[in-house]
file data_33.csv (CSV, C-alpha atoms)
chain,number,residue,atom,x,y,z
I,1,MET,CA,59.6,214.5,156.2
I,2,GLY,CA,58.0,211.1,155.8
I,3,THR,CA,56.1,209.7,152.8
I,4,TYR,CA,52.9,210.8,151.2
I,5,LYS,CA,51.1,208.1,153.2
I,6,ASP,CA,51.8,210.2,156.3
I,7,LEU,CA,49.8,213.1,155.0
I,8,LEU,CA,46.3,213.5,156.5
I,9,LEU,CA,45.1,214.4,153.0
I,10,TYR,CA,46.3,211.1,151.6
I,11,GLN,CA,44.6,209.2,154.4
I,12,LYS,CA,41.3,211.1,154.2
I,13,SER,CA,41.1,211.0,150.4
I,14,PHE,CA,41.9,207.3,150.3
I,15,GLU,CA,39.2,206.7,152.9
I,16,LEU,CA,36.7,208.7,150.9
I,17,ALA,CA,37.5,206.8,147.7
I,18,MET,CA,37.0,203.5,149.5
I,19,GLU,CA,33.8,204.6,151.0
I,20,ILE,CA,32.5,205.6,147.6
I,21,PHE,CA,33.6,202.3,146.2
I,22,ALA,CA,31.7,200.4,148.8
I,23,MET,CA,28.6,202.6,148.4
I,24,THR,CA,28.5,202.3,144.6
I,25,LYS,CA,28.4,198.5,144.8
I,26,ARG,CA,24.7,198.9,145.4
I,27,PHE,CA,24.1,201.1,142.3
I,28,PRO,CA,22.0,199.6,139.5
I,29,LYS,CA,23.8,197.7,136.8
I,30,GLU,CA,22.7,200.2,134.1
I,31,GLU,CA,24.9,202.8,135.9
I,32,THR,CA,28.0,200.6,135.7
I,33,TYR,CA,29.6,202.5,132.8
I,34,SER,CA,28.2,205.9,133.7
I,35,LEU,CA,27.6,207.3,137.2
I,36,THR,CA,29.3,204.4,139.0
I,37,ASP,CA,32.4,204.5,136.9
I,38,GLN,CA,32.6,208.3,137.0
I,39,ILE,CA,32.3,208.8,140.7
I,40,ARG,CA,34.8,206.0,141.4
I,41,ARG,CA,37.2,207.5,139.0
I,42,SER,CA,36.9,211.1,140.3
I,43,SER,CA,37.2,210.0,143.9
I,44,ARG,CA,40.3,207.9,143.2
I,45,SER,CA,41.8,210.7,141.2
I,46,VAL,CA,41.8,213.0,144.2
I,47,ASN,CA,44.1,210.6,146.0
I,48,ILE,CA,46.3,209.9,143.0
I,49,CYS,CA,46.7,213.5,142.0
I,50,MET,CA,47.7,214.3,145.6
I,51,ILE,CA,50.4,211.5,145.4
I,52,GLU,CA,51.7,213.0,142.1
I,53,ALA,CA,51.7,216.5,143.7
I,54,TYR,CA,53.8,215.2,146.6
I,55,ARG,CA,56.3,213.8,144.2
I,56,LYS,CA,56.5,217.2,142.4
I,57,ARG,CA,56.9,219.2,145.6
I,58,ARG,CA,60.4,220.3,144.7
I,59,TYR,CA,58.8,222.4,142.0
I,60,PRO,CA,56.1,224.7,143.7
I,61,ASN,CA,54.2,225.5,140.5
I,62,HIS,CA,53.9,221.8,139.5
I,63,PHE,CA,53.0,220.9,143.1
I,64,ILE,CA,50.2,223.5,143.2
I,65,SER,CA,49.1,222.5,139.7
I,66,LYS,CA,48.6,218.8,140.7
I,67,LEU,CA,46.8,219.9,143.9
I,68,THR,CA,44.4,222.0,141.8
I,69,ASP,CA,43.8,218.9,139.6
I,70,ALA,CA,43.0,217.0,142.8
I,71,ASP,CA,40.6,219.8,143.9
I,72,MET,CA,38.9,219.7,140.5
I,73,GLU,CA,38.4,215.9,140.9
I,74,ASN,CA,37.1,216.4,144.4
I,75,SER,CA,34.5,218.9,143.1
I,76,GLU,CA,33.5,216.4,140.4
I,77,THR,CA,33.0,213.8,143.1
I,78,GLN,CA,30.7,216.1,144.9
I,79,GLY,CA,28.7,216.6,141.7
I,80,TRP,CA,28.3,212.9,141.2
I,81,LEU,CA,27.2,212.5,144.8
I,82,GLU,CA,24.4,215.0,144.1
I,83,PHE,CA,23.3,212.9,141.1
I,84,SER,CA,23.5,209.8,143.2
I,85,LEU,CA,21.2,211.4,145.8
I,86,ALA,CA,18.8,212.7,143.1
I,87,CYS,CA,18.5,209.3,141.5
I,88,ASN,CA,17.8,207.8,145.0
I,89,TYR,CA,20.9,205.5,144.8
I,90,ILE,CA,22.0,206.9,148.2
I,91,SER,CA,20.1,208.2,151.2
I,92,GLU,CA,20.2,211.7,152.5
I,93,GLN,CA,22.2,210.5,155.5
I,94,GLU,CA,24.8,208.8,153.2
I,95,PHE,CA,25.0,211.9,151.0
I,96,THR,CA,25.6,214.2,154.0
I,97,ARG,CA,28.2,211.9,155.5
I,98,VAL,CA,30.2,211.3,152.3
I,99,ASN,CA,29.8,214.9,151.1
I,100,ASN,CA,31.1,216.1,154.4
I,101,GLN,CA,34.2,213.9,154.0
I,102,SER,CA,34.7,215.4,150.5
I,103,ILE,CA,34.4,218.9,151.9
I,104,GLU,CA,37.0,218.0,154.5
I,105,VAL,CA,39.3,216.7,151.8
I,106,GLY,CA,38.7,220.0,149.9
I,107,LYS,CA,39.8,222.0,152.9
I,108,LEU,CA,43.0,220.0,153.3
I,109,LEU,CA,43.7,220.5,149.6
I,110,HIS,CA,43.2,224.3,149.9
I,111,PHE,CA,45.5,224.4,152.9
I,112,MET,CA,48.2,222.6,150.9
I,113,ILE,CA,47.7,224.8,147.8
I,114,ASN,CA,48.0,228.0,149.9
I,115,ASN,CA,51.0,226.7,152.0
I,116,PRO,CA,53.2,224.7,149.6
I,117,GLU,CA,56.3,225.5,151.7
I,118,LYS,CA,55.0,223.5,154.6
I,119,PHE,CA,55.1,220.4,152.5
I,120,GLY,CA,58.6,220.7,151.2
I,121,ALA,CA,57.9,222.8,148.1
I,122,LEU,CA,61.0,225.0,147.6
call {"tool": "encode", "arguments": {"input": "data_33.csv", "output": "structure tokens"}}
result
Amino acid sequence: MGTYKDLLLYQKSFELAMEIFAMTKRFPKEETYSLTDQIRRSSRSVNICMIEAYRKRRYPNHFISKLTDADMENSETQGWLEFSLACNYISEQEFTRVNNQSIEVGKLLHFMINNPEKFGAL
């Protein structure tokens, strides 16, 4: 087995976090310490929790626990995307594209949660 960087989930969640980072550069300054900060943190946490889970794969319960943390952060990101759309900070097209990326990340997370043995969990 390679490294966590070989996992499709790592690649997709990193891409999503970077997409959100670029998108939020256009958000108003008054959102810097609220919506902008929150959506950046949650989207990055998906990726980081996945890395932590990978390192804990020897312990299936810890592995699954960290993956469920990543899933929670991914759901939070989707909520912040909805606020971004409602506040007219992003277009409907941007929302759909990025939200679909987040949904794909969620599906990958659920696969890993339901199949820990495929990822080296003992």
call {"tool": "closest_residue", "arguments": {"input": "data_33.csv", "among": "I:Ser42, I:Gln93, I:Ser84, I:Ser13", "to": "Asp69 in chain I", "atoms": "all atoms listed in the file"}}
result
I:Ser42
call {"tool": "atom_distance", "arguments": {"input": "data_33.csv", "atom1": "CA of Ile103 in chain I", "atom2": "CA of Lys29 in chain I"}}
result
28.1 Å
call {"tool": "atom_distance", "arguments": {"input": "data_33.csv", "atom1": "CA of Lys107 in chain I", "atom2": "CA of Leu8 in chain I"}}
result
11.3 Å
call {"tool": "residues_around", "arguments": {"input": "data_33.csv", "residues": "Lys56 in chain I", "least_positions_apart": "4", "cutoff": "10 Å", "atoms": "all atoms listed in the file", "output": "CSV table (one decimal) with C-alpha atoms, keeping the file's coordinate frame"}}
result
chain,number,residue,atom,x,y,z
I,50,MET,CA,47.7,214.3,145.6
I,51,ILE,CA,50.4,211.5,145.4
I,52,GLU,CA,51.7,213.0,142.1
I,60,PRO,CA,56.1,224.7,143.7
I,61,ASN,CA,54.2,225.5,140.5
I,62,HIS,CA,53.9,221.8,139.5
I,63,PHE,CA,53.0,220.9,143.1
I,64,ILE,CA,50.2,223.5,143.2
I,65,SER,CA,49.1,222.5,139.7
I,66,LYS,CA,48.6,218.8,140.7
I,120,GLY,CA,58.6,220.7,151.2
I,121,ALA,CA,57.9,222.8,148.1
call {"tool": "closest_residue", "arguments": {"input": "data_33.csv", "among": "I:Ala53, I:Ile90, I:Leu85, I:Leu109", "to": "Met23 in chain I", "atoms": "only C-alpha atoms"}}
result
I:Ile90
